[in-house]
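Report on one structure; see the data block that follows.
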Amino acid sequence: MKNATLKNWEIIQMREIQYKRLDTNCFNARSLDSFVRHQTVTECLREVEHKWVLVPNPFVENWTVEQCRAIAEDIEQHMNHDQTGFGAFDGERIVGFATVSRHVFGKTANYVELVCFQVSEEYRHQGIGRKLFAMICEEARRLGADKLYVSAHSSKESQAAYHALGCKHAEEINKVLAEKEPFDVQMEYLL
């Protein structure tokens, strides 16, 4: 007789995720209270003698409720003003989100910045990030961009995810964004 009990990840995979444009009807300063931003990092990309190499850099990134609220407040402040956001929802719970700036910049191409891009830990590897990324790219095209600019986390896992989406190292570096997060890898995606 088969075991009729489903594991948590099996239940999560069976649920239908809904995707919505973020606005005050579906997103507020407490929307990320149950969001799980957890990542155990062992290696990060660093530029050493003009080559990108993985170096040991163990740490755990874990957002507190306070950090989640600060990020949610920032998204709430910017959405529908100078950024557009999309969310993945399991019922009323947001399990993934992405935001893009409406500011077009660049000398060699028309870039817009991918500002935030996160999927809650227990919902990763289910295509949610890929769907949100596609929605952001569609919005970037609508804004007149040729390329999406990403100041990406340098962890091995984050870099693998961005490369799987088709991102590569940026041809043009936005110095303001690079200085803001000096350990990030500046990347781009051709729209």
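Lettering and numbering for the structure tokens are positional, with chains as A, B, ... in the shown order, residues counted from 1 in each chain, and ligands counted from 1 in the shown order.
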Residues near segment 143-159 of chain A, cut-off 8 Å, only C-alpha atoms, skip fewer than 2 positions along chain, as a PyMOL selection string = chain A and resi 41-46+54+102+104+109-115+137+139-141+161-163+170+177-178+181+183-191
Taking only C-alpha atoms into account, produce a table as a tab-separated table in which each residue of segment 113-174 of chain A with an atom at most 8 Å from an atom of segment 72-92 of chain A appears once, together with its shortest atom pair and the distance in Å to one decimal, ordered by chain and rising number.
residue	atom	partner	partner_atom	distance
A:Ile128	CA	A:Ala88	CA	7.0
A:Leu132	CA	A:Phe86	CA	6.8
A:Met135	CA	A:Phe86	CA	7.4
A:Ile136	CA	A:Phe86	CA	7.5
A:Glu139	CA	A:Thr84	CA	7.9
For the residues selected in the previous step, produce a file with C-alpha atoms as a compact mmCIF listing (two decimals), in the first residue's frame.
# COMPACT_ATOMS: atom_id res chain seq x y z
CA ILE A 128 8.41 30.81 -10.32
CA LEU A 132 8.66 36.51 -12.85
CA MET A 135 7.22 39.32 -16.80
CA ILE A 136 9.97 41.79 -15.88
CA GLU A 139 7.82 45.27 -18.87
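Between atom CA of Thr99 of chain A and atom CA of Thr64 of chain A there is a distance of 20.5 Å.
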